file run-v9.cif (mmCIF, C-alpha atoms and all ligand atoms)
data_input
#
loop_
_atom_site.label_atom_id
_atom_site.label_comp_id
_atom_site.auth_asym_id
_atom_site.auth_seq_id
_atom_site.Cartn_x
_atom_site.Cartn_y
_atom_site.Cartn_z
CA MET A 1 13.40 12.38 17.79
CA GLY A 2 10.95 14.26 15.56
CA ALA A 3 7.19 14.43 15.93
CA ALA A 4 6.65 11.61 13.45
CA ALA A 5 8.85 9.24 15.42
CA ASP A 6 6.78 10.13 18.54
CA ASN A 7 3.53 9.57 16.64
CA LEU A 8 4.80 6.13 15.62
CA GLN A 9 4.36 4.92 19.19
CA GLY A 10 0.73 6.07 19.20
CA VAL A 11 -0.07 4.38 15.88
CA ARG A 12 1.57 1.16 17.05
CA ARG A 13 -0.56 1.30 20.20
CA ARG A 14 -3.74 1.74 18.12
CA LEU A 15 -2.76 -1.27 16.00
CA ALA A 16 -1.97 -3.43 19.03
CA GLU A 17 -5.28 -2.51 20.70
CA ALA A 18 -7.26 -3.13 17.52
CA ALA A 19 -5.57 -6.52 17.05
CA ALA A 20 -6.25 -7.47 20.67
CA ALA A 21 -9.91 -6.42 20.36
CA ALA A 22 -10.22 -8.66 17.30
CA GLY A 23 -8.51 -11.58 19.05
CA ARG A 24 -5.59 -11.39 16.62
CA PRO A 25 -1.88 -11.57 17.52
CA GLY A 26 -0.17 -8.23 18.21
CA ASP A 27 2.10 -8.64 15.20
CA ALA A 28 -0.69 -9.64 12.78
CA VAL A 29 -0.77 -6.26 11.05
CA ARG A 30 2.11 -4.51 9.32
CA LEU A 31 2.25 -0.76 9.28
CA ILE A 32 3.06 0.95 5.99
CA ALA A 33 4.10 4.53 6.78
CA VAL A 34 2.65 6.65 3.96
CA SER A 35 5.30 9.29 3.32
CA LYS A 36 3.89 11.06 0.24
CA THR A 37 4.65 14.81 0.50
CA VAL A 38 6.91 14.11 3.52
CA SER A 39 10.63 14.96 3.48
CA ALA A 40 13.39 12.37 3.19
CA GLU A 41 14.66 13.61 6.57
CA SER A 42 11.37 12.66 8.25
CA VAL A 43 11.48 9.25 6.57
CA VAL A 44 15.00 8.67 7.90
CA ASP A 45 13.85 9.74 11.38
CA VAL A 46 10.96 7.26 11.38
CA LEU A 47 13.17 4.55 9.85
CA ALA A 48 15.67 5.05 12.69
CA ALA A 49 12.78 4.73 15.17
CA GLY A 50 12.26 1.20 13.88
CA GLN A 51 9.63 1.57 11.13
CA PRO A 52 10.83 -0.44 8.11
CA ALA A 53 8.13 0.02 5.42
CA PHE A 54 7.09 3.22 3.59
CA GLY A 55 4.41 3.93 1.02
CA GLU A 56 4.56 6.49 -1.81
CA ASN A 57 1.92 7.60 -4.35
CA TYR A 58 3.73 9.80 -6.81
CA VAL A 59 6.49 8.28 -8.91
CA GLN A 60 8.70 11.32 -9.51
CA GLU A 61 8.55 12.39 -5.87
CA ALA A 62 9.23 8.84 -4.73
CA LEU A 63 12.32 8.32 -6.93
CA ALA A 64 13.96 11.47 -5.59
CA LYS A 65 13.07 10.48 -2.03
CA ILE A 66 14.36 6.91 -2.35
CA ASP A 67 17.73 8.31 -3.48
CA ALA A 68 17.76 10.97 -0.75
CA VAL A 69 16.96 8.43 1.97
CA ASP A 70 19.81 6.24 0.72
CA ARG A 71 22.19 9.20 1.02
CA LEU A 72 20.92 10.29 4.46
CA ARG A 73 20.55 7.02 6.34
CA PRO A 74 23.55 5.87 8.40
CA PRO A 75 26.00 3.75 6.38
CA GLY A 76 25.31 0.06 6.89
CA SER A 77 21.77 0.63 8.23
CA PRO A 78 19.03 -1.30 6.44
CA ALA A 79 17.28 0.34 3.49
CA PRO A 80 13.54 0.86 3.87
CA GLU A 81 11.08 -1.41 2.12
CA TRP A 82 9.28 0.76 -0.46
CA HIS A 83 5.62 0.24 -1.32
CA PHE A 84 4.02 1.96 -4.29
CA ILE A 85 0.42 2.69 -3.31
CA GLY A 86 -0.82 5.14 -5.96
CA PRO A 87 -2.63 4.67 -9.24
CA ILE A 88 -0.23 3.47 -11.95
CA GLN A 89 0.16 5.10 -15.34
CA SER A 90 1.61 2.73 -17.92
CA ASN A 91 4.52 5.08 -18.67
CA LYS A 92 5.60 4.82 -15.01
CA THR A 93 5.77 1.04 -14.72
CA ARG A 94 9.51 0.78 -15.43
CA ALA A 95 10.46 3.07 -12.55
CA ILE A 96 8.09 1.23 -10.23
CA ALA A 97 9.40 -2.20 -11.26
CA GLU A 98 12.97 -1.06 -10.78
CA ARG A 99 12.73 0.82 -7.49
CA PHE A 100 9.90 -0.66 -5.40
CA ASP A 101 9.49 -3.89 -3.44
CA TRP A 102 5.70 -3.92 -3.26
CA VAL A 103 2.93 -2.52 -5.47
CA HIS A 104 -0.53 -1.98 -3.96
CA GLY A 105 -2.93 -1.16 -6.67
CA VAL A 106 -2.51 -3.10 -9.88
CA ASP A 107 -5.94 -3.02 -11.48
CA ARG A 108 -5.49 -4.20 -15.06
CA ALA A 109 -3.63 -6.80 -17.11
CA LYS A 110 -1.56 -4.35 -19.14
CA ILE A 111 0.02 -2.87 -16.01
CA ALA A 112 0.78 -6.32 -14.58
CA GLU A 113 2.38 -7.45 -17.84
CA ARG A 114 4.55 -4.35 -18.08
CA LEU A 115 5.69 -4.60 -14.45
CA SER A 116 6.72 -8.23 -14.94
CA ALA A 117 8.54 -7.52 -18.21
CA GLN A 118 10.40 -4.56 -16.68
CA ARG A 119 11.35 -6.20 -13.37
CA ASP A 120 14.99 -7.28 -13.11
CA PRO A 121 14.76 -10.98 -12.12
CA ALA A 122 17.90 -10.50 -9.99
CA ARG A 123 15.83 -8.32 -7.61
CA GLY A 124 13.40 -11.17 -7.02
CA PRO A 125 9.70 -11.01 -7.87
CA LEU A 126 7.79 -7.77 -7.29
CA ASN A 127 5.06 -8.29 -4.67
CA VAL A 128 1.73 -7.30 -6.21
CA LEU A 129 -1.60 -6.56 -4.59
CA ILE A 130 -4.66 -6.13 -6.78
CA GLU A 131 -6.67 -2.99 -6.09
CA VAL A 132 -10.39 -3.70 -5.85
CA ASN A 133 -13.08 -1.04 -6.20
CA VAL A 134 -15.33 -2.58 -3.55
CA ASP A 135 -17.73 0.37 -3.48
CA GLY A 136 -18.20 0.39 -7.25
CA GLU A 137 -17.51 4.13 -7.39
CA ALA A 138 -17.25 5.30 -10.99
CA SER A 139 -14.54 7.82 -10.15
CA LYS A 140 -12.23 5.33 -8.47
CA SER A 141 -9.38 3.20 -9.74
CA GLY A 142 -9.40 -0.48 -8.87
CA CYS A 143 -10.88 -3.42 -10.70
CA ALA A 144 -14.43 -4.67 -10.23
CA PRO A 145 -14.77 -7.59 -7.78
CA HIS A 146 -15.88 -9.98 -10.54
CA ASP A 147 -12.72 -9.23 -12.55
CA VAL A 148 -10.37 -10.05 -9.67
CA PRO A 149 -10.01 -13.85 -10.16
CA ALA A 150 -8.80 -13.54 -13.77
CA LEU A 151 -6.37 -10.74 -12.93
CA ALA A 152 -5.06 -12.65 -9.88
CA ARG A 153 -4.48 -15.71 -12.07
CA LEU A 154 -2.56 -13.58 -14.57
CA VAL A 155 -0.40 -11.94 -11.87
CA ALA A 156 0.33 -15.34 -10.31
CA ALA A 157 1.45 -16.67 -13.71
CA LEU A 158 3.77 -13.78 -14.64
CA ALA A 159 7.45 -14.64 -14.18
CA ASN A 160 8.62 -11.63 -12.22
CA LEU A 161 5.55 -10.92 -10.10
CA ARG A 162 4.28 -12.57 -6.93
CA PHE A 163 0.54 -12.39 -6.30
CA ALA A 164 0.52 -11.18 -2.70
CA GLY A 165 -3.07 -10.14 -2.05
CA LEU A 166 -5.77 -7.49 -2.34
CA MET A 167 -5.95 -3.79 -1.55
CA THR A 168 -8.78 -1.29 -1.40
CA VAL A 169 -9.41 2.42 -0.77
CA PRO A 170 -13.12 2.69 0.05
CA ALA A 171 -15.20 5.85 0.16
CA PRO A 172 -14.81 7.47 3.59
CA ARG A 173 -17.50 6.56 6.13
CA GLU A 174 -18.15 8.11 9.52
CA ASP A 175 -18.99 5.40 11.98
CA ARG A 176 -17.08 2.25 12.81
CA SER A 177 -19.69 -0.28 11.75
CA ALA A 178 -20.15 1.43 8.36
CA GLN A 179 -16.36 1.54 7.92
CA ARG A 180 -16.23 -2.23 8.32
CA VAL A 181 -18.60 -2.95 5.39
CA PRO A 182 -16.13 -2.50 2.48
CA TYR A 183 -13.37 -4.22 4.43
CA ALA A 184 -15.62 -7.21 5.09
CA ARG A 185 -16.27 -7.34 1.34
CA LEU A 186 -12.55 -7.45 0.58
CA ARG A 187 -12.06 -10.21 3.18
CA GLU A 188 -14.90 -12.25 1.63
CA LEU A 189 -13.46 -11.77 -1.84
CA ALA A 190 -10.07 -13.04 -0.61
CA ALA A 191 -11.79 -16.07 0.93
CA SER A 192 -13.49 -16.87 -2.38
CA LEU A 193 -10.15 -16.59 -4.21
CA ALA A 194 -8.58 -19.00 -1.74
CA VAL A 195 -11.36 -21.50 -2.51
CA ALA A 196 -10.52 -21.06 -6.21
CA GLY A 197 -6.87 -21.98 -5.52
CA LEU A 198 -5.52 -18.42 -5.32
CA PRO A 199 -4.53 -17.89 -1.69
CA THR A 200 -4.18 -14.21 -0.78
CA ALA A 201 -1.71 -13.69 2.02
CA GLU A 202 -2.21 -9.95 2.38
CA LEU A 203 -5.17 -7.62 2.78
CA SER A 204 -3.95 -4.01 2.48
CA MET A 205 -6.78 -1.95 3.94
CA GLY A 206 -7.24 0.79 6.52
CA MET A 207 -5.81 4.29 6.83
CA SER A 208 -5.44 6.88 9.64
CA ALA A 209 -9.18 7.40 10.14
CA ASP A 210 -10.38 3.79 10.01
CA LEU A 211 -7.54 1.39 10.74
CA GLU A 212 -9.48 -0.13 13.67
CA ALA A 213 -12.32 -1.16 11.33
CA ALA A 214 -9.83 -2.68 8.86
CA VAL A 215 -7.96 -4.62 11.55
CA ALA A 216 -11.30 -5.94 12.86
CA GLU A 217 -11.97 -7.32 9.34
CA GLY A 218 -8.58 -8.97 8.94
CA ALA A 219 -6.22 -6.33 7.48
CA THR A 220 -2.62 -7.57 7.35
CA MET A 221 -1.26 -4.21 6.15
CA VAL A 222 -2.56 -0.75 7.02
CA ARG A 223 -1.40 2.35 5.14
CA VAL A 224 -1.09 5.28 7.54
CA GLY A 225 0.02 8.81 6.65
CA THR A 226 -1.73 11.61 8.55
CA ALA A 227 -1.62 9.94 11.97
CA LEU A 228 2.16 9.63 11.64
CA PHE A 229 3.27 12.70 9.72
CA GLY A 230 0.41 15.16 10.30
CA ALA A 231 -1.99 16.69 7.78
CA ARG A 232 -0.69 16.95 4.22
CA PRO A 233 -0.90 20.07 2.08
CA ALA A 234 -3.99 19.88 -0.14
CA ARG A 235 -3.22 18.39 -3.50
CA ASN A 236 -5.99 18.44 -6.06
CA ASP A 237 -4.60 15.59 -8.14
CA GLU A 238 -4.54 13.15 -5.22
CA ARG A 239 -5.24 9.60 -6.46
CA SER A 240 -5.50 10.83 -10.05
CA GLU A 241 -1.94 10.81 -11.34
CA ARG A 242 -3.09 8.51 -14.12
C1 LIG B 1 -2.57 8.86 1.20
C2 LIG B 1 -2.95 7.44 1.24
C3 LIG B 1 -3.02 6.74 2.45
C4 LIG B 1 -2.80 7.38 3.81
O1 LIG B 1 -3.94 8.08 4.20
P1 LIG B 1 -4.04 8.78 5.64
O2 LIG B 1 -5.48 9.09 5.76
O3 LIG B 1 -3.18 9.99 5.58
O4 LIG B 1 -3.56 7.81 6.64
C5 LIG B 1 -3.32 5.38 2.40
N1 LIG B 1 -3.54 4.76 1.22
C6 LIG B 1 -3.49 5.40 0.05
C7 LIG B 1 -3.72 4.64 -1.19
C8 LIG B 1 -3.20 6.76 0.02
O5 LIG B 1 -3.18 7.39 -1.15
#
call {"tool": "encode", "arguments": {"input": "run-v9.cif", "output": "structure tokens"}}
result
Amino acid sequence: MGAAADNLQGVRRRLAEAAAAAGRPGDAVRLIAVSKTVSAESVVDVLAAGQPAFGENYVQEALAKIDAVDRLRPPGSPAPEWHFIGPIQSNKTRAIAERFDWVHGVDRAKIAERLSAQRDPARGPLNVLIEVNVDGEASKSGCAPHDVPALARLVAALANLRFAGLMTVPAPREDRSAQRVPYARLRELAASLAVAGLPTAELSMGMSADLEAAVAEGATMVRVGTALFGARPARNDERSER
């Protein structure tokens, strides 16, 4: 077993403890293993250790890795569930619609429309989470909270998409109570959508440094890279592949 498969036990323990502290069931939160910059071999190792879902940010890297994982995993073993978690350029929607199961981070109508048009109906609907810029940072992707209801309605109406929930990547904060603030905002936004007839099953929020805060505020999916695979090489275009 590699280091990442060992780290998986530690991350699962953190999730179980955070869920227990919040009075939530142990299986309330799904772990998305963020494998950007990580080799296909490491993905296969973690997959074999029982982690089914992986998140990727960069389309070209992801396509090569999805193929490599399919070649490397034991014949007959289940394929991973692939989540696209990066910003989406409109010229990359076809590849995402064709190769991914989940998309965290749709933030505008044009992207949603393209993903639906390019999704093969035989693969079933693509699960879509809307990315919300809860901190209102000018430099960030994600749609403004007041634009979420209209976009959610559009996603829910598109033939080959399923509106699955909301996602956010807040500005980093140091202490636990500050970390909870943006996650509480996302939870409240989901509650207001539910009142408007748009139930949001999933809240994708929380990363290596703050997953406890996200689980305390109701995360159903956490996206964890560093705590599983170790520090990534610096990449100056992170979150800006647009
Ligand atoms: C890289 C990335 C993560 C994982 O972050 P870590 O701090 O390494 O756990 C989660 N979500 C998104 C959108 C990312 O780009």
call {"tool": "closest_atom_pairs", "arguments": {"input": "run-v9.cif", "of": "chain A", "to": "ligand LIG 1 (chain B)", "cutoff": "9 Å", "atoms": "all atoms listed in the file", "output": "tab-separated table"}}
result
residue	atom	partner	partner_atom	distance
A:Ile32	CA	B:LIG1	C5	8.6
A:Ala33	CA	B:LIG1	C4	8.0
A:Val34	CA	B:LIG1	C4	5.5
A:Ser35	CA	B:LIG1	C1	8.2
A:Lys36	CA	B:LIG1	C1	6.9
A:Gly55	CA	B:LIG1	C5	8.0
A:Glu56	CA	B:LIG1	O5	7.8
A:Asn57	CA	B:LIG1	O5	6.0
A:Phe84	CA	B:LIG1	C7	8.8
A:Ile85	CA	B:LIG1	C7	5.0
A:Gly86	CA	B:LIG1	C7	5.6
A:Pro87	CA	B:LIG1	C7	8.1
A:His104	CA	B:LIG1	C7	7.9
A:Gly105	CA	B:LIG1	C7	8.0
A:Met167	CA	B:LIG1	C7	8.7
A:Thr168	CA	B:LIG1	C7	7.8
A:Val169	CA	B:LIG1	C7	6.1
A:Ser204	CA	B:LIG1	N1	8.9
A:Met205	CA	B:LIG1	N1	7.9
A:Gly206	CA	B:LIG1	C5	7.3
A:Met207	CA	B:LIG1	O4	4.2
A:Ser208	CA	B:LIG1	O4	3.7
A:Ala209	CA	B:LIG1	O2	6.0
A:Asp210	CA	B:LIG1	O2	8.4
A:Leu211	CA	B:LIG1	O4	8.6
A:Val222	CA	B:LIG1	C5	7.7
A:Arg223	CA	B:LIG1	C5	4.5
A:Val224	CA	B:LIG1	O4	3.6
A:Gly225	CA	B:LIG1	O3	3.6
A:Thr226	CA	B:LIG1	O3	3.7
A:Ala227	CA	B:LIG1	O4	6.1
A:Leu228	CA	B:LIG1	O4	7.8
A:Phe229	CA	B:LIG1	O3	8.1
A:Gly230	CA	B:LIG1	O3	7.9
A:Ala231	CA	B:LIG1	O3	7.2
A:Arg232	CA	B:LIG1	O3	7.5
A:Glu238	CA	B:LIG1	O5	7.2
A:Arg239	CA	B:LIG1	O5	6.1
call {"tool": "closest_atom_pairs", "arguments": {"input": "run-v9.cif", "of": "segment 41-132 of chain A", "to": "segment 8-11 of chain A", "cutoff": "12 Å", "atoms": "all atoms listed in the file", "output": "tab-separated table"}}
result
residue	atom	partner	partner_atom	distance
A:Ser42	CA	A:Leu8	CA	11.8
A:Val43	CA	A:Leu8	CA	11.7
A:Asp45	CA	A:Leu8	CA	10.6
A:Val46	CA	A:Leu8	CA	7.6
A:Leu47	CA	A:Leu8	CA	10.3
A:Ala48	CA	A:Leu8	CA	11.3
A:Ala49	CA	A:Leu8	CA	8.1
A:Gly50	CA	A:Leu8	CA	9.1
A:Gln51	CA	A:Leu8	CA	8.0
A:Pro52	CA	A:Leu8	CA	11.7
call {"tool": "atom_distance", "arguments": {"input": "run-v9.cif", "atom1": "atom CA of Arg99 of chain A", "atom2": "atom CA of Ala40 of chain A"}}
result
15.7 Å
call {"tool": "residues_near_point", "arguments": {"input": "run-v9.cif", "point": "(-14.9, -9.6, 0.8)", "cutoff": "12 Å", "atoms": "only C-alpha atoms", "output": "ChimeraX atom specification"}}
result
/A:132-135,145-146,148,166-168,180-194,200,203,205,214,217-219
call {"tool": "atom_distance", "arguments": {"input": "run-v9.cif", "atom1": "atom CA of Leu31 of chain A", "atom2": "atom CA of Pro172 of chain A"}}
result
19.8 Å
call {"tool": "atom_distance", "arguments": {"input": "run-v9.cif", "atom1": "atom CA of Asp27 of chain A", "atom2": "atom CA of Arg12 of chain A"}}
result
10.0 Å
call {"tool": "axis_aligned_box", "arguments": {"input": "run-v9.cif", "around": "segment 101-115 of chain A", "padding_each_side": "3 Å", "output": "JSON"}}
result
{"center_x": 1.8, "center_y": -4.3, "center_z": -11.2, "size_x": 21.4, "size_y": 12.3, "size_z": 21.9}
call {"tool": "closest_residue", "arguments": {"input": "run-v9.cif", "among": "A:Val59, A:Ala117, A:Ala64, A:Ile111", "to": "Ala95 of chain A", "atoms": "all atoms listed in the file"}}
result
A:Val59
call {"tool": "residues_around", "arguments": {"input": "run-v9.cif", "residues": "Val103 of chain A", "least_positions_apart": "5", "cutoff": "8 Å", "atoms": "only C-alpha atoms", "output": "ChimeraX atom specification"}}
result
/A:83-85,96,126-129
call {"tool": "closest_residue", "arguments": {"input": "run-v9.cif", "among": "A:Glu202, A:Glu98, A:Asp6, A:Asp70", "to": "Arg30 of chain A", "atoms": "all atoms listed in the file"}}
result
A:Glu202
call {"tool": "decode", "arguments": {"input": "run-v9.cif", "residues": "segment 56-68 of chain A", "atoms": "all heavy atoms", "output": "PDB file, in the first residue's frame"}}
result
ATOM      1  N   GLU A  56     -10.870  16.042 -10.359  1.00  0.00           N
ATOM      2  CA  GLU A  56      -9.807  16.598 -11.211  1.00  0.00           C
ATOM      3  C   GLU A  56     -10.151  18.025 -11.619  1.00  0.00           C
ATOM      4  O   GLU A  56     -11.318  18.352 -11.828  1.00  0.00           O
ATOM      5  CB  GLU A  56      -9.647  15.742 -12.476  1.00  0.00           C
ATOM      6  CG  GLU A  56      -9.020  14.373 -12.220  1.00  0.00           C
ATOM      7  CD  GLU A  56      -7.510  14.441 -11.985  1.00  0.00           C
ATOM      8  OE1 GLU A  56      -6.870  15.399 -12.475  1.00  0.00           O
ATOM      9  OE2 GLU A  56      -6.973  13.534 -11.324  1.00  0.00           O
ATOM     10  N   ASN A  57      -9.124  18.865 -11.779  1.00  0.00           N
ATOM     11  CA  ASN A  57      -9.317  20.275 -12.132  1.00  0.00           C
ATOM     12  C   ASN A  57      -8.961  20.640 -13.555  1.00  0.00           C
ATOM     13  O   ASN A  57      -9.387  21.675 -14.032  1.00  0.00           O
ATOM     14  CB  ASN A  57      -8.364  21.165 -11.325  1.00  0.00           C
ATOM     15  CG  ASN A  57      -8.805  21.385  -9.936  1.00  0.00           C
ATOM     16  OD1 ASN A  57      -9.046  20.413  -9.238  1.00  0.00           O
ATOM     17  ND2 ASN A  57      -8.929  22.640  -9.537  1.00  0.00           N
ATOM     18  N   TYR A  58      -8.054  19.875 -14.142  1.00  0.00           N
ATOM     19  CA  TYR A  58      -7.501  20.278 -15.435  1.00  0.00           C
ATOM     20  C   TYR A  58      -7.914  19.252 -16.476  1.00  0.00           C
ATOM     21  O   TYR A  58      -7.615  18.069 -16.339  1.00  0.00           O
ATOM     22  CB  TYR A  58      -5.968  20.378 -15.352  1.00  0.00           C
ATOM     23  CG  TYR A  58      -5.514  21.194 -14.165  1.00  0.00           C
ATOM     24  CD1 TYR A  58      -4.929  20.581 -13.063  1.00  0.00           C
ATOM     25  CD2 TYR A  58      -5.714  22.578 -14.135  1.00  0.00           C
ATOM     26  CE1 TYR A  58      -4.535  21.324 -11.958  1.00  0.00           C
ATOM     27  CE2 TYR A  58      -5.329  23.325 -13.034  1.00  0.00           C
ATOM     28  CZ  TYR A  58      -4.734  22.688 -11.941  1.00  0.00           C
ATOM     29  OH  TYR A  58      -4.359  23.425 -10.853  1.00  0.00           O
ATOM     30  N   VAL A  59      -8.595  19.708 -17.521  1.00  0.00           N
ATOM     31  CA  VAL A  59      -9.236  18.769 -18.439  1.00  0.00           C
ATOM     32  C   VAL A  59      -8.226  17.861 -19.141  1.00  0.00           C
ATOM     33  O   VAL A  59      -8.395  16.648 -19.167  1.00  0.00           O
ATOM     34  CB  VAL A  59     -10.116  19.517 -19.466  1.00  0.00           C
ATOM     35  CG1 VAL A  59     -10.684  18.552 -20.487  1.00  0.00           C
ATOM     36  CG2 VAL A  59     -11.246  20.246 -18.757  1.00  0.00           C
ATOM     37  N   GLN A  60      -7.180  18.447 -19.715  1.00  0.00           N
ATOM     38  CA  GLN A  60      -6.242  17.607 -20.484  1.00  0.00           C
ATOM     39  C   GLN A  60      -5.596  16.556 -19.596  1.00  0.00           C
ATOM     40  O   GLN A  60      -5.496  15.388 -19.958  1.00  0.00           O
ATOM     41  CB  GLN A  60      -5.163  18.459 -21.165  1.00  0.00           C
ATOM     42  CG  GLN A  60      -5.702  19.424 -22.225  1.00  0.00           C
ATOM     43  CD  GLN A  60      -6.718  18.785 -23.163  1.00  0.00           C
ATOM     44  OE1 GLN A  60      -6.574  17.638 -23.575  1.00  0.00           O
ATOM     45  NE2 GLN A  60      -7.763  19.518 -23.506  1.00  0.00           N
ATOM     46  N   GLU A  61      -5.148  16.989 -18.419  1.00  0.00           N
ATOM     47  CA  GLU A  61      -4.538  16.052 -17.470  1.00  0.00           C
ATOM     48  C   GLU A  61      -5.542  14.964 -17.098  1.00  0.00           C
ATOM     49  O   GLU A  61      -5.207  13.770 -17.025  1.00  0.00           O
ATOM     50  CB  GLU A  61      -4.100  16.825 -16.219  1.00  0.00           C
ATOM     51  CG  GLU A  61      -3.509  15.933 -15.138  1.00  0.00           C
ATOM     52  CD  GLU A  61      -3.384  16.629 -13.778  1.00  0.00           C
ATOM     53  OE1 GLU A  61      -3.324  17.874 -13.723  1.00  0.00           O
ATOM     54  OE2 GLU A  61      -3.358  15.905 -12.768  1.00  0.00           O
ATOM     55  N   ALA A  62      -6.766  15.361 -16.863  1.00  0.00           N
ATOM     56  CA  ALA A  62      -7.783  14.405 -16.413  1.00  0.00           C
ATOM     57  C   ALA A  62      -8.072  13.349 -17.481  1.00  0.00           C
ATOM     58  O   ALA A  62      -8.186  12.164 -17.167  1.00  0.00           O
ATOM     59  CB  ALA A  62      -9.065  15.142 -16.049  1.00  0.00           C
ATOM     60  N   LEU A  63      -8.175  13.767 -18.750  1.00  0.00           N
ATOM     61  CA  LEU A  63      -8.532  12.804 -19.801  1.00  0.00           C
ATOM     62  C   LEU A  63      -7.465  11.722 -19.912  1.00  0.00           C
ATOM     63  O   LEU A  63      -7.770  10.531 -20.021  1.00  0.00           O
ATOM     64  CB  LEU A  63      -8.715  13.513 -21.150  1.00  0.00           C
ATOM     65  CG  LEU A  63      -9.852  14.541 -21.191  1.00  0.00           C
ATOM     66  CD1 LEU A  63      -9.963  15.130 -22.594  1.00  0.00           C
ATOM     67  CD2 LEU A  63     -11.175  13.940 -20.753  1.00  0.00           C
ATOM     68  N   ALA A  64      -6.200  12.141 -19.859  1.00  0.00           N
ATOM     69  CA  ALA A  64      -5.110  11.163 -19.930  1.00  0.00           C
ATOM     70  C   ALA A  64      -5.159  10.230 -18.725  1.00  0.00           C
ATOM     71  O   ALA A  64      -4.937   9.015 -18.830  1.00  0.00           O
ATOM     72  CB  ALA A  64      -3.771  11.895 -20.005  1.00  0.00           C
ATOM     73  N   LYS A  65      -5.476  10.807 -17.557  1.00  0.00           N
ATOM     74  CA  LYS A  65      -5.479   9.999 -16.334  1.00  0.00           C
ATOM     75  C   LYS A  65      -6.652   9.013 -16.306  1.00  0.00           C
ATOM     76  O   LYS A  65      -6.499   7.875 -15.875  1.00  0.00           O
ATOM     77  CB  LYS A  65      -5.533  10.929 -15.113  1.00  0.00           C
ATOM     78  CG  LYS A  65      -5.044  10.272 -13.854  1.00  0.00           C
ATOM     79  CD  LYS A  65      -5.038  11.250 -12.697  1.00  0.00           C
ATOM     80  CE  LYS A  65      -4.130  12.447 -12.994  1.00  0.00           C
ATOM     81  NZ  LYS A  65      -4.160  13.418 -11.892  1.00  0.00           N
ATOM     82  N   ILE A  66      -7.810   9.457 -16.789  1.00  0.00           N
ATOM     83  CA  ILE A  66      -8.980   8.562 -16.810  1.00  0.00           C
ATOM     84  C   ILE A  66      -8.649   7.337 -17.673  1.00  0.00           C
ATOM     85  O   ILE A  66      -8.912   6.198 -17.290  1.00  0.00           O
ATOM     86  CB  ILE A  66     -10.226   9.311 -17.333  1.00  0.00           C
ATOM     87  CG1 ILE A  66     -10.672  10.362 -16.304  1.00  0.00           C
ATOM     88  CG2 ILE A  66     -11.370   8.337 -17.633  1.00  0.00           C
ATOM     89  CD1 ILE A  66     -11.745  11.334 -16.803  1.00  0.00           C
ATOM     90  N   ASP A  67      -8.017   7.575 -18.832  1.00  0.00           N
ATOM     91  CA  ASP A  67      -7.632   6.453 -19.698  1.00  0.00           C
ATOM     92  C   ASP A  67      -6.588   5.571 -19.024  1.00  0.00           C
ATOM     93  O   ASP A  67      -6.672   4.345 -19.069  1.00  0.00           O
ATOM     94  CB  ASP A  67      -7.071   6.979 -21.031  1.00  0.00           C
ATOM     95  CG  ASP A  67      -8.157   7.579 -21.914  1.00  0.00           C
ATOM     96  OD1 ASP A  67      -9.341   7.241 -21.708  1.00  0.00           O
ATOM     97  OD2 ASP A  67      -7.818   8.396 -22.798  1.00  0.00           O
ATOM     98  N   ALA A  68      -5.599   6.194 -18.385  1.00  0.00           N
ATOM     99  CA  ALA A  68      -4.528   5.421 -17.746  1.00  0.00           C
ATOM    100  C   ALA A  68      -5.080   4.574 -16.599  1.00  0.00           C
ATOM    101  O   ALA A  68      -4.698   3.405 -16.435  1.00  0.00           O
ATOM    102  CB  ALA A  68      -3.425   6.352 -17.249  1.00  0.00           C
TER     103      ALA A  68
END
